[in-house]
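Visitor: Just so it is clear, I am handing over coords-v9.cif, which has mmCIF, C-alpha atoms.
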data_upload
loop_
_atom_site.label_atom_id
_atom_site.label_comp_id
_atom_site.auth_asym_id
_atom_site.auth_seq_id
_atom_site.Cartn_x
_atom_site.Cartn_y
_atom_site.Cartn_z
CA MET A 1 45.10 -5.00 -22.09
CA MET A 2 41.88 -4.22 -20.29
CA TRP A 3 43.19 -0.72 -19.64
CA PHE A 4 43.80 -0.10 -23.33
CA PHE A 5 40.41 -1.46 -24.30
CA LEU A 6 38.88 0.91 -21.76
CA LEU A 7 40.96 3.77 -23.14
CA SER A 8 39.50 3.14 -26.60
CA ASP A 9 36.02 2.88 -25.10
CA ALA A 10 36.63 6.16 -23.29
CA PHE A 11 37.36 7.77 -26.67
CA THR A 12 34.11 6.38 -28.07
CA PHE A 13 32.09 7.75 -25.17
CA SER A 14 33.86 11.09 -25.22
CA SER A 15 33.08 11.45 -28.92
CA LEU A 16 29.41 10.80 -28.21
CA LEU A 17 29.34 13.18 -25.26
CA VAL A 18 31.32 15.91 -26.99
CA GLY A 19 28.94 15.53 -29.94
CA TYR A 20 26.04 15.99 -27.53
CA ALA A 21 27.72 19.01 -25.93
CA THR A 22 28.27 20.56 -29.36
CA VAL A 23 24.61 20.29 -30.28
CA ARG A 24 23.59 21.33 -26.76
CA PHE A 25 25.68 24.52 -26.79
CA SER A 26 24.50 25.48 -30.25
CA PHE A 27 20.99 25.98 -28.78
CA PRO A 28 20.10 28.77 -26.35
CA GLN A 29 19.23 27.74 -22.79
CA ALA A 30 15.67 27.82 -21.42
CA ASN A 31 14.67 31.38 -20.50
CA GLU A 32 15.66 31.86 -16.87
CA THR A 33 13.01 34.40 -15.83
CA GLN A 34 10.25 32.17 -17.20
CA MET A 35 11.82 29.14 -15.57
CA ALA A 36 11.85 31.00 -12.23
CA GLU A 37 8.15 31.80 -12.65
CA LEU A 38 7.41 28.17 -13.46
CA ARG A 39 9.34 26.99 -10.42
CA LYS A 40 7.14 29.16 -8.22
CA GLU A 41 3.97 27.74 -9.81
CA MET A 42 5.28 24.18 -9.74
CA PRO A 43 7.30 23.72 -6.54
CA PHE A 44 8.84 20.40 -5.54
CA GLY A 45 6.08 17.84 -4.96
CA THR A 46 3.35 19.45 -7.08
CA ASP A 47 0.89 16.93 -8.52
CA VAL A 48 1.68 17.61 -12.20
CA HIS A 49 -0.58 14.76 -13.32
CA GLU A 50 -3.60 16.35 -11.64
CA MET A 51 -2.62 19.80 -12.91
CA PHE A 52 -2.46 18.47 -16.45
CA HIS A 53 -5.74 16.53 -16.31
CA ALA A 54 -7.64 19.40 -14.70
CA ASN A 55 -6.95 21.55 -17.75
CA PRO A 56 -4.83 19.82 -20.42
CA ASP A 57 -5.09 22.57 -23.05
CA GLY A 58 -4.39 25.30 -20.53
CA PHE A 59 -1.37 23.43 -19.14
CA VAL A 60 0.20 22.78 -22.53
CA GLY A 61 -0.77 26.29 -23.67
CA ALA A 62 0.94 27.86 -20.66
CA MET A 63 4.12 25.93 -21.46
CA ASN A 64 3.97 26.86 -25.13
CA ASP A 65 3.29 30.54 -24.42
CA ARG A 66 6.40 30.67 -22.29
CA GLY A 67 8.34 28.84 -24.98
CA ILE A 68 9.63 26.39 -22.38
CA PHE A 69 9.41 23.40 -24.72
CA ALA A 70 9.97 25.33 -27.96
CA GLU A 71 12.05 23.69 -30.64
CA THR A 72 14.43 26.63 -30.68
CA GLN A 73 15.73 26.23 -27.13
CA TRP A 74 17.14 23.41 -25.10
CA PRO A 75 14.69 22.17 -22.41
CA ALA A 76 15.65 22.40 -18.73
CA PRO A 77 16.30 18.82 -17.53
CA GLU A 78 14.31 19.39 -14.34
CA LEU A 79 11.11 19.62 -16.39
CA VAL A 80 11.85 16.54 -18.48
CA PHE A 81 13.19 14.15 -15.86
CA ASN A 82 10.81 14.83 -12.98
CA HIS A 83 9.10 11.46 -12.51
CA PHE A 84 9.43 9.01 -9.68
CA PRO A 85 7.84 5.56 -9.51
CA GLY A 86 4.71 5.24 -7.38
CA HIS A 87 3.27 8.73 -7.71
CA HIS A 88 2.78 11.61 -10.15
CA LEU A 89 4.41 14.34 -8.11
CA HIS A 90 6.95 16.77 -9.54
CA TRP A 91 10.22 15.40 -8.18
CA PRO A 92 12.87 16.85 -10.48
CA LEU A 93 16.09 14.84 -10.87
CA MET A 94 15.33 12.63 -7.86
CA PHE A 95 15.01 9.40 -9.84
CA VAL A 96 18.29 9.89 -11.68
CA SER A 97 20.00 10.62 -8.35
CA LEU A 98 18.70 7.28 -7.12
CA MET A 99 20.06 5.58 -10.26
CA THR A 100 23.44 7.23 -9.71
CA PHE A 101 23.45 6.09 -6.10
CA ILE A 102 22.65 2.49 -7.16
CA LEU A 103 25.51 2.50 -9.67
CA ILE A 104 28.02 4.00 -7.22
CA MET A 105 26.93 1.43 -4.61
CA SER A 106 27.40 -1.46 -7.06
CA SER A 107 30.82 -0.03 -7.90
CA VAL A 108 31.70 -0.18 -4.20
CA THR A 109 30.57 -3.81 -3.89
CA MET A 110 32.61 -4.62 -7.00
CA VAL A 111 35.76 -3.07 -5.59
CA LEU A 112 35.15 -4.94 -2.32
CA ALA A 113 34.92 -8.18 -4.34
CA VAL A 114 38.23 -7.33 -6.02
CA GLU A 115 39.79 -6.58 -2.63
CA ALA A 116 38.49 -9.87 -1.20
CA GLY A 117 39.90 -11.65 -4.26
CA GLN A 118 43.32 -10.17 -3.59
CA ARG A 119 43.14 -11.77 -0.13
CA MET A 120 41.84 -15.04 -1.67
CA GLU A 121 38.64 -14.95 0.38
CA ARG A 122 36.29 -16.87 -1.86
CA LYS A 123 33.14 -16.51 0.26
CA LYS A 124 33.39 -12.72 0.32
CA VAL A 125 34.09 -12.54 -3.42
CA GLU A 126 30.91 -14.57 -4.00
CA ILE A 127 28.75 -12.31 -1.84
CA PHE A 128 30.08 -9.03 -3.23
CA MET A 129 29.90 -10.19 -6.86
CA LEU A 130 26.29 -11.23 -6.35
CA LEU A 131 25.51 -7.81 -4.83
CA THR A 132 27.20 -6.12 -7.81
CA ILE A 133 25.08 -8.12 -10.25
CA ILE A 134 21.92 -7.23 -8.33
CA GLY A 135 22.94 -3.55 -8.37
CA GLY A 136 23.54 -3.70 -12.11
CA LEU A 137 20.14 -5.28 -12.72
CA MET A 138 18.49 -2.64 -10.50
CA PHE A 139 20.16 0.10 -12.53
CA LEU A 140 18.99 -1.48 -15.79
CA GLY A 141 15.46 -1.74 -14.39
CA CYS A 142 15.53 1.95 -13.47
CA GLN A 143 16.74 2.86 -16.92
CA ALA A 144 14.03 0.75 -18.56
CA TRP A 145 11.43 2.53 -16.42
CA GLU A 146 12.80 5.94 -17.33
CA TRP A 147 12.89 5.12 -21.04
CA THR A 148 9.31 3.81 -20.89
CA LYS A 149 8.19 7.03 -19.23
CA PHE A 150 10.06 9.22 -21.72
CA ILE A 151 8.79 7.26 -24.75
CA GLY A 152 5.28 7.26 -23.29
CA GLU A 153 5.37 11.06 -23.24
CA GLY A 154 6.08 11.06 -26.95
CA ALA A 155 9.87 11.26 -27.13
CA LYS A 156 11.26 9.13 -29.95
CA LEU A 157 14.43 9.10 -32.01
CA TYR A 158 12.68 11.34 -34.54
CA THR A 159 10.24 13.40 -32.44
CA ASN A 160 10.54 15.20 -29.14
CA PRO A 161 7.71 17.08 -27.44
CA PHE A 162 10.21 18.73 -25.07
CA GLY A 163 12.16 20.67 -27.66
CA PRO A 164 14.83 19.91 -30.27
CA VAL A 165 14.64 16.43 -31.82
CA THR A 166 18.38 15.96 -31.29
CA PHE A 167 17.81 16.09 -27.54
CA ALA A 168 15.67 12.92 -27.53
CA ALA A 169 17.73 11.22 -30.25
CA LEU A 170 21.03 11.76 -28.45
CA PHE A 171 19.47 10.88 -25.10
CA PHE A 172 18.39 7.47 -26.42
CA LEU A 173 21.66 6.98 -28.28
CA VAL A 174 24.01 7.77 -25.40
CA THR A 175 22.02 6.32 -22.48
CA GLY A 176 21.26 3.31 -24.68
CA PHE A 177 24.94 2.84 -25.47
CA HIS A 178 25.78 3.16 -21.78
CA GLY A 179 22.91 0.85 -20.79
CA PHE A 180 24.19 -1.76 -23.23
CA HIS A 181 27.58 -1.51 -21.54
CA VAL A 182 25.88 -2.07 -18.19
CA LEU A 183 24.02 -5.06 -19.62
CA SER A 184 27.19 -6.64 -21.02
CA GLY A 185 28.91 -5.84 -17.72
CA VAL A 186 26.19 -7.71 -15.84
CA VAL A 187 26.51 -10.70 -18.20
CA ILE A 188 30.32 -10.78 -17.86
CA ASN A 189 30.04 -10.37 -14.09
CA PHE A 190 27.57 -13.25 -13.99
CA ILE A 191 29.91 -15.55 -15.92
CA ILE A 192 32.80 -14.67 -13.61
CA TYR A 193 30.48 -15.14 -10.61
CA LEU A 194 29.66 -18.68 -11.80
CA ASN A 195 33.39 -19.36 -12.16
CA VAL A 196 33.97 -18.11 -8.62
CA LEU A 197 31.19 -20.40 -7.37
CA ARG A 198 32.78 -23.32 -9.24
CA GLY A 199 36.15 -22.59 -7.67
CA THR A 200 37.99 -21.94 -10.93
CA TYR A 201 40.03 -19.06 -9.53
CA GLU A 202 40.67 -20.81 -6.23
CA GLU A 203 42.24 -23.60 -8.28
CA ARG A 204 44.11 -21.17 -10.53
CA GLY A 205 45.59 -19.48 -7.50
CA HIS A 206 44.57 -15.90 -8.22
CA TYR A 207 41.45 -13.79 -8.79
CA GLU A 208 42.84 -11.65 -11.58
CA MET A 209 39.73 -12.18 -13.72
CA VAL A 210 37.64 -10.57 -10.97
CA GLU A 211 39.98 -7.57 -11.09
CA LYS A 212 39.60 -7.34 -14.87
CA VAL A 213 35.79 -7.37 -14.86
CA GLY A 214 36.04 -4.96 -11.94
CA LEU A 215 37.92 -2.54 -14.19
CA TYR A 216 35.18 -2.81 -16.80
CA TRP A 217 32.46 -2.30 -14.22
CA HIS A 218 34.13 0.80 -12.78
CA PHE A 219 34.54 2.18 -16.25
CA VAL A 220 30.78 1.87 -16.76
CA ASP A 221 30.30 3.81 -13.53
CA LEU A 222 32.82 6.41 -14.70
CA VAL A 223 30.94 6.93 -17.94
CA TRP A 224 27.71 7.33 -16.01
CA VAL A 225 29.28 10.21 -14.07
CA PHE A 226 29.60 12.09 -17.35
CA VAL A 227 26.26 10.98 -18.80
CA PHE A 228 24.65 12.19 -15.57
CA THR A 229 26.51 15.51 -15.76
CA PHE A 230 25.77 16.21 -19.41
CA PHE A 231 22.21 14.93 -19.79
CA TYR A 232 20.68 15.66 -16.39
CA LEU A 233 22.56 18.66 -15.02
CA ILE A 234 23.73 20.82 -17.88
CA MET B 1 38.65 -25.19 -49.41
CA ALA B 2 39.12 -28.89 -49.79
CA LEU B 3 42.70 -28.49 -48.66
CA CYS B 4 41.77 -26.35 -45.70
CA ARG B 5 39.33 -28.72 -44.09
CA PRO B 6 41.66 -31.54 -43.05
CA CYS B 7 44.04 -28.86 -41.81
CA LEU B 8 41.43 -27.47 -39.48
CA GLY B 9 40.52 -30.97 -38.37
CA ILE B 10 44.09 -31.72 -37.45
CA ARG B 11 44.42 -28.45 -35.59
CA ILE B 12 41.32 -29.15 -33.53
CA TYR B 13 42.58 -32.67 -32.88
CA LEU B 14 45.91 -31.31 -31.67
CA LEU B 15 44.27 -28.66 -29.50
CA LEU B 16 41.70 -31.06 -28.04
CA PRO B 17 43.76 -32.03 -24.98
CA TYR B 18 44.19 -28.35 -24.09
CA ILE B 19 40.50 -27.62 -24.59
CA VAL B 20 39.11 -30.54 -22.61
CA THR B 21 41.68 -30.64 -19.80
CA PHE B 22 41.06 -28.46 -16.79
CA LYS B 23 44.71 -27.88 -15.94
CA SER B 24 45.59 -26.86 -19.47
CA TYR B 25 48.01 -24.20 -18.21
CA HIS B 26 50.37 -26.79 -16.84
CA ILE B 27 50.33 -28.90 -20.01
CA MET B 28 51.00 -25.92 -22.26
CA SER B 29 53.96 -24.83 -20.20
CA ASN B 30 55.46 -28.35 -20.12
CA HIS B 31 55.38 -28.53 -16.34
CA LYS B 32 54.77 -31.96 -14.96
CA THR B 33 54.12 -30.61 -11.48
CA PRO B 34 52.10 -27.50 -10.44
CA VAL B 35 54.26 -24.40 -10.70
CA ASP B 36 54.52 -21.32 -8.55
CA ILE B 37 52.55 -18.78 -10.58
CA HIS B 38 54.21 -15.85 -8.81
CA ASP B 39 57.77 -17.14 -9.34
CA GLU B 40 59.86 -14.29 -10.70
CA VAL B 41 63.09 -16.27 -11.01
CA ASN B 42 61.87 -19.20 -13.12
CA TYR B 43 59.61 -16.84 -15.04
CA ASP B 44 56.96 -18.68 -17.06
CA PRO B 45 54.90 -16.31 -19.26
CA THR B 46 52.00 -18.76 -19.72
CA VAL B 47 51.09 -18.85 -16.04
CA TRP B 48 52.89 -16.00 -14.35
CA VAL B 49 50.82 -13.25 -12.69
CA PRO B 50 52.00 -10.48 -10.38
CA LYS B 51 51.34 -11.30 -6.75
CA ALA B 52 48.12 -9.55 -5.71
CA HIS B 53 48.05 -7.77 -2.40
CA SER B 54 45.19 -5.86 -0.88
CA HIS B 55 45.47 -2.18 -0.02
CA GLY B 56 42.61 -2.36 2.50
CA THR B 57 39.04 -1.12 2.28
CA LYS B 58 39.47 2.14 4.17
CA GLY B 59 40.44 4.20 1.14
CA LEU B 60 37.66 2.65 -0.92
CA TRP B 61 34.99 3.67 1.56
CA LYS B 62 36.47 7.14 1.69
CA THR B 63 36.15 7.36 -2.09
CA PHE B 64 32.55 6.17 -1.82
CA TRP B 65 31.67 8.96 0.61
CA ILE B 66 33.43 11.55 -1.57
CA LEU B 67 31.51 10.37 -4.65
CA LEU B 68 28.23 10.42 -2.76
CA PHE B 69 28.92 13.90 -1.38
CA LEU B 70 29.87 15.28 -4.78
CA THR B 71 26.73 13.83 -6.38
CA VAL B 72 24.52 15.35 -3.70
CA ALA B 73 26.45 18.63 -4.15
CA ASP B 74 25.70 18.44 -7.89
CA ILE B 75 21.97 18.21 -7.25
CA GLY B 76 22.14 20.93 -4.61
CA LEU B 77 24.02 23.31 -6.92
CA TYR B 78 21.57 22.59 -9.74
CA PHE B 79 18.74 24.06 -7.66
CA THR B 80 20.68 26.90 -6.02
CA LEU B 81 22.83 28.40 -8.77
CA ASP B 82 21.52 30.14 -11.86
CA PRO B 83 22.02 28.22 -15.10
CA GLY B 84 24.89 29.36 -17.23
CA ILE B 85 28.50 28.83 -18.10
CA PHE B 86 29.63 29.13 -14.47
CA ARG B 87 27.29 26.41 -13.18
CA ASN B 88 28.04 24.13 -16.11
CA GLY B 89 31.75 24.63 -15.51
CA ILE B 90 31.33 23.56 -11.89
CA PHE B 91 29.39 20.46 -12.97
CA ILE B 92 32.06 19.45 -15.47
CA PHE B 93 34.82 20.12 -12.94
CA LEU B 94 33.04 17.98 -10.31
CA GLY B 95 32.51 15.27 -12.95
CA VAL B 96 36.24 15.19 -13.70
CA VAL B 97 37.02 15.06 -9.96
CA LYS B 98 34.61 12.14 -9.51
CA ALA B 99 36.08 10.36 -12.54
CA ALA B 100 39.60 10.84 -11.15
CA PHE B 101 38.56 9.32 -7.82
CA ILE B 102 37.00 6.32 -9.59
CA VAL B 103 40.05 5.75 -11.80
CA TYR B 104 42.72 6.25 -9.14
CA SER B 105 40.97 4.57 -6.20
CA PHE B 106 38.42 2.05 -7.47
CA MET B 107 40.41 1.05 -10.54
CA HIS B 108 43.69 1.08 -8.56
CA LEU B 109 45.54 3.22 -11.09
CA THR B 110 47.55 4.70 -8.20
CA PHE B 111 49.18 1.31 -7.63
CA GLU B 112 50.02 0.66 -11.29
CA HIS B 113 53.37 1.20 -12.97
CA LYS B 114 54.38 4.70 -13.98
CA GLY B 115 54.41 3.84 -17.69
CA LEU B 116 50.88 2.44 -17.65
CA LYS B 117 49.64 5.46 -15.72
CA LYS B 118 51.09 7.81 -18.31
CA SER B 119 49.85 5.83 -21.28
CA ILE B 120 46.30 5.86 -19.90
CA VAL B 121 46.10 9.44 -18.68
CA LEU B 122 48.10 11.31 -21.33
CA PRO B 123 45.96 10.28 -24.36
CA MET B 124 43.10 12.15 -22.68
CA ILE B 125 44.71 15.30 -24.11
CA PHE B 126 43.09 14.34 -27.42
CA VAL B 127 39.67 14.51 -25.75
CA ILE B 128 40.46 17.98 -24.44
CA TYR B 129 41.50 18.99 -27.94
CA LEU B 130 38.22 17.61 -29.33
CA ILE B 131 36.22 19.51 -26.70
CA VAL B 132 37.92 22.82 -27.52
CA LEU B 133 37.51 22.21 -31.24
CA MET B 134 33.84 21.25 -31.10
CA LEU B 135 32.74 23.84 -28.55
CA SER B 136 34.20 26.70 -30.58
CA GLU B 137 32.23 25.27 -33.50
CA ALA B 138 29.11 25.09 -31.32
CA TYR B 139 29.34 28.78 -30.41
CA TYR B 140 29.57 29.57 -34.09
CA TRP B 141 26.37 27.55 -34.69
CA LEU B 142 24.72 29.42 -31.83
CA ASP B 143 25.56 32.71 -33.57
CA LEU B 144 24.05 31.37 -36.76
CA ASN B 145 20.80 30.57 -34.93
CA TRP B 146 20.50 34.16 -33.74
CA LEU B 147 20.88 35.67 -37.19
#
Kindly present the structure from the file in structure tokens form.
Guide:
Amino acid sequence: MMWFFLLSDAFTFSSLLVGYATVRFSFPQANETQMAELRKEMPFGTDVHEMFHANPDGFVGAMNDRGIFAETQWPAPELVFNHFPGHHLHWPLMFVSLMTFILIMSSVTMVLAVEAGQRMERKKVEIFMLLTIIGGLMFLGCQAWEWTKFIGEGAKLYTNPFGPVTFAALFFLVTGFHGFHVLSGVVINFIIYLNVLRGTYEERGHYEMVEKVGLYWHFVDLVWVFVFTFFYLI
Amino acid sequence: MALCRPCLGIRIYLLLPYIVTFKSYHIMSNHKTPVDIHDEVNYDPTVWVPKAHSHGTKGLWKTFWILLFLTVADIGLYFTLDPGIFRNGIFIFLGVVKAAFIVYSFMHLTFEHKGLKKSIVLPMIFVIYLIVLMLSEAYYWLDLNWL
């Protein structure tokens, strides 16, 4: 039944993502020649914070003159998601790559827990489930940080300094919906982890519950693949 | 309502042994002694599960490296190719490849029954239909913006 639940959930997520793609494709892309100019001025590792505070009006004016963040065109993700914790340098898409890596890694530990469960190795199931939970919490922490940054820059459900309002609204809607799946996945994993610690499945004679939550967890990872593709790359 | 309440009370009273007892499975299936949960001859639907067997971790690690490589390739292509329909197409294609690896390897769909495989993968045709439908609409909206 888990498979059919996930199938229905896949339909929900594809509706959200196709909706996003529809709105996304109905806007023209950021002007490529101006983007190329901007990339030359702001190479990887530029201190954007310092650049902005040296001349805030000039910085915003330069962006507006180029129409980079105009409401009529979709912003390039590299200019929106360019923060990294610990410094103010221009590191486009590096943080989201880290998040993706964390989620893939937690998916691997989950599948190792499932595999250990199939061999009835309780100790290994315990270790790998704990690692999965930690990975999930790390991912949630990263997402919270990213949201805080994005909201701090003025993006809300109803306003967006980076371009069309629908960009921010759909970003919060879809990543929020995915993040809530991650959160519920962590909670379910934690409950199953406690059961593993208590020896419930050892007594039952099989670790099928671990396999079931594993399916859910991998599905969350699968959805992230598409969220990553649509929101951060396209 | 007055009639319902004692009913519910009785039901809870009857279910109580199953709720409070740890080995409720054995009571429900009328087995006095522990049963073989994998027994396919004396099939008991309340406890029976297919026998789990591991397929090893080698394939899983291979999938991990493929996923990692494709993600790094995504980021690399983002900064090397010009934006446009071609680059977006590559990203979506790589996304589908990654998703297929997750479903078939991590979620073990390869080892499932043929019928289950079909009933999970075939409904995805509706998503493709939705994509075609909505993207053609989106291009129409884009034309409207230019006017």
Visitor: Provide as a PyMOL selection string the residues of chain A at most 9 Å from chain B, counting all atoms listed in the file.
Guide: chain A and resi 3-4+7+10-11+14-15+18-19+21-30+32+72+93-94+97+100-101+104-105+107-108+110-112+114-119+204-208+211+214-215+218-219+221-223+225-226+228-230+233-234
Visitor: Enter the distance from atom CA of Lys118 of chain B to atom CA of Trp217 of chain A, in Å, rounded to one decimal.
Guide: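 Going from atom CA of Lys118 of chain B over to atom CA of Trp217 of chain A covers 21.6 Å.
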Visitor: For a test of reading the model, state the distance in Å between atom CA of Phe69 of chain B and atom CA of Leu98 of chain A, rounded to one decimal.
Guide: 13.5 Å
Visitor: Could you tell me which residues the PyMOL selection byres ((chain A and resi 181-188) around 7) grabs in this file, written as a list in words?
Guide: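 Selected by the PyMOL selection byres ((chain A and resi 181-188) around 7) here: Ile133, Gly136, Phe177, His178, Gly179, Phe180, Asn189, Phe190, Ile191, Ile192, Trp217 and Val220 of chain A.
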Visitor: For the structure shown, which residues end up in the PyMOL selection byres ((chain A and resi 149) around 12)? Put them as a list in words, please?
Guide: Val80, Phe81, Asn82, His83, Phe84, Pro85, His88, Phe95, Cys142, Gln143, Ala144, Trp145, Glu146, Trp147, Thr148, Phe150, Ile151, Gly152, Glu153, Gly154, Ala155 and Lys156 of chain A
Visitor: Tell me, in Å to one decimal, how far atom CA of Gln73 of chain A is from atom CA of Pro164 of chain A.
Guide: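 The value is 7.1 Å.
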Visitor: In terms of the shortest atom-to-atom distance over all atoms listed in the file, which of A:Val96, A:Leu197, A:Val125, A:Val213 is closest to Thr109 of chain A?
Guide: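 Under the stated criterion, the closest residue is A:Val125.
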Visitor: Could the centre and edge lengths of an axis-aligned box, enclosing all atoms of segment 152-169 of chain A in the file with 5 Å extra on each side, be given in Å to one decimal as AutoDock Vina command-line options?
Guide:
--center_x 11.8 --center_y 14.0 --center_z -28.9 --size_x 23.1 --size_y 23.4 --size_z 21.3
Visitor: Because some atoms of segment 79-98 of chain B are absent here, can you restore N, CA and C atoms and send them as an mmCIF file, in the frame of the given file?
Guide:
data_model
loop_
_atom_site.group_PDB
_atom_site.id
_atom_site.type_symbol
_atom_site.label_atom_id
_atom_site.label_comp_id
_atom_site.auth_asym_id
_atom_site.auth_seq_id
_atom_site.Cartn_x
_atom_site.Cartn_y
_atom_site.Cartn_z
ATOM 1 N N PHE B 79 19.929 23.320 -8.088
ATOM 2 C CA PHE B 79 18.740 24.060 -7.660
ATOM 3 C C PHE B 79 19.070 25.393 -6.993
ATOM 4 N N THR B 80 20.356 25.640 -6.686
ATOM 5 C CA THR B 80 20.680 26.900 -6.020
ATOM 6 C C THR B 80 21.326 27.915 -6.955
ATOM 7 N N LEU B 81 22.154 27.446 -7.878
ATOM 8 C CA LEU B 81 22.830 28.400 -8.770
ATOM 9 C C LEU B 81 21.979 28.661 -10.010
ATOM 10 N N ASP B 82 22.195 29.831 -10.611
ATOM 11 C CA ASP B 82 21.520 30.140 -11.860
ATOM 12 C C ASP B 82 22.192 29.374 -12.998
ATOM 13 N N PRO B 83 21.388 28.927 -13.982
ATOM 14 C CA PRO B 83 22.020 28.220 -15.100
ATOM 15 C C PRO B 83 22.946 29.142 -15.874
ATOM 16 N N GLY B 84 23.943 28.562 -16.462
ATOM 17 C CA GLY B 84 24.890 29.360 -17.230
ATOM 18 C C GLY B 84 26.240 28.703 -17.284
ATOM 19 N N ILE B 85 27.174 29.411 -17.858
ATOM 20 C CA ILE B 85 28.500 28.830 -18.100
ATOM 21 C C ILE B 85 29.202 28.513 -16.787
ATOM 22 N N PHE B 86 28.960 29.335 -15.759
ATOM 23 C CA PHE B 86 29.630 29.130 -14.470
ATOM 24 C C PHE B 86 29.164 27.825 -13.826
ATOM 25 N N ARG B 87 27.826 27.628 -13.790
ATOM 26 C CA ARG B 87 27.290 26.410 -13.180
ATOM 27 C C ARG B 87 27.718 25.177 -13.960
ATOM 28 N N ASN B 88 27.631 25.272 -15.292
ATOM 29 C CA ASN B 88 28.040 24.130 -16.110
ATOM 30 C C ASN B 88 29.509 23.795 -15.907
ATOM 31 N N GLY B 89 30.326 24.844 -15.772
ATOM 32 C CA GLY B 89 31.750 24.630 -15.510
ATOM 33 C C GLY B 89 31.967 23.879 -14.215
ATOM 34 N N ILE B 90 31.214 24.258 -13.185
ATOM 35 C CA ILE B 90 31.330 23.560 -11.890
ATOM 36 C C ILE B 90 30.935 22.092 -12.044
ATOM 37 N N PHE B 91 29.831 21.842 -12.779
ATOM 38 C CA PHE B 91 29.390 20.460 -12.970
ATOM 39 C C PHE B 91 30.450 19.634 -13.678
ATOM 40 N N ILE B 92 31.047 20.205 -14.723
ATOM 41 C CA ILE B 92 32.060 19.450 -15.470
ATOM 42 C C ILE B 92 33.290 19.222 -14.590
ATOM 43 N N PHE B 93 33.670 20.263 -13.835
ATOM 44 C CA PHE B 93 34.820 20.120 -12.940
ATOM 45 C C PHE B 93 34.568 19.009 -11.915
ATOM 46 N N LEU B 94 33.361 19.023 -11.292
ATOM 47 C CA LEU B 94 33.040 17.980 -10.310
ATOM 48 C C LEU B 94 33.001 16.607 -10.964
ATOM 49 N N GLY B 95 32.514 16.542 -12.216
ATOM 50 C CA GLY B 95 32.510 15.270 -12.950
ATOM 51 C C GLY B 95 33.908 14.734 -13.133
ATOM 52 N N VAL B 96 34.846 15.629 -13.506
ATOM 53 C CA VAL B 96 36.240 15.190 -13.700
ATOM 54 C C VAL B 96 36.834 14.736 -12.365
ATOM 55 N N VAL B 97 36.507 15.455 -11.279
ATOM 56 C CA VAL B 97 37.020 15.060 -9.960
ATOM 57 C C VAL B 97 36.504 13.661 -9.602
ATOM 58 N N LYS B 98 35.181 13.450 -9.814
ATOM 59 C CA LYS B 98 34.610 12.140 -9.510
ATOM 60 C C LYS B 98 35.274 11.045 -10.343
#
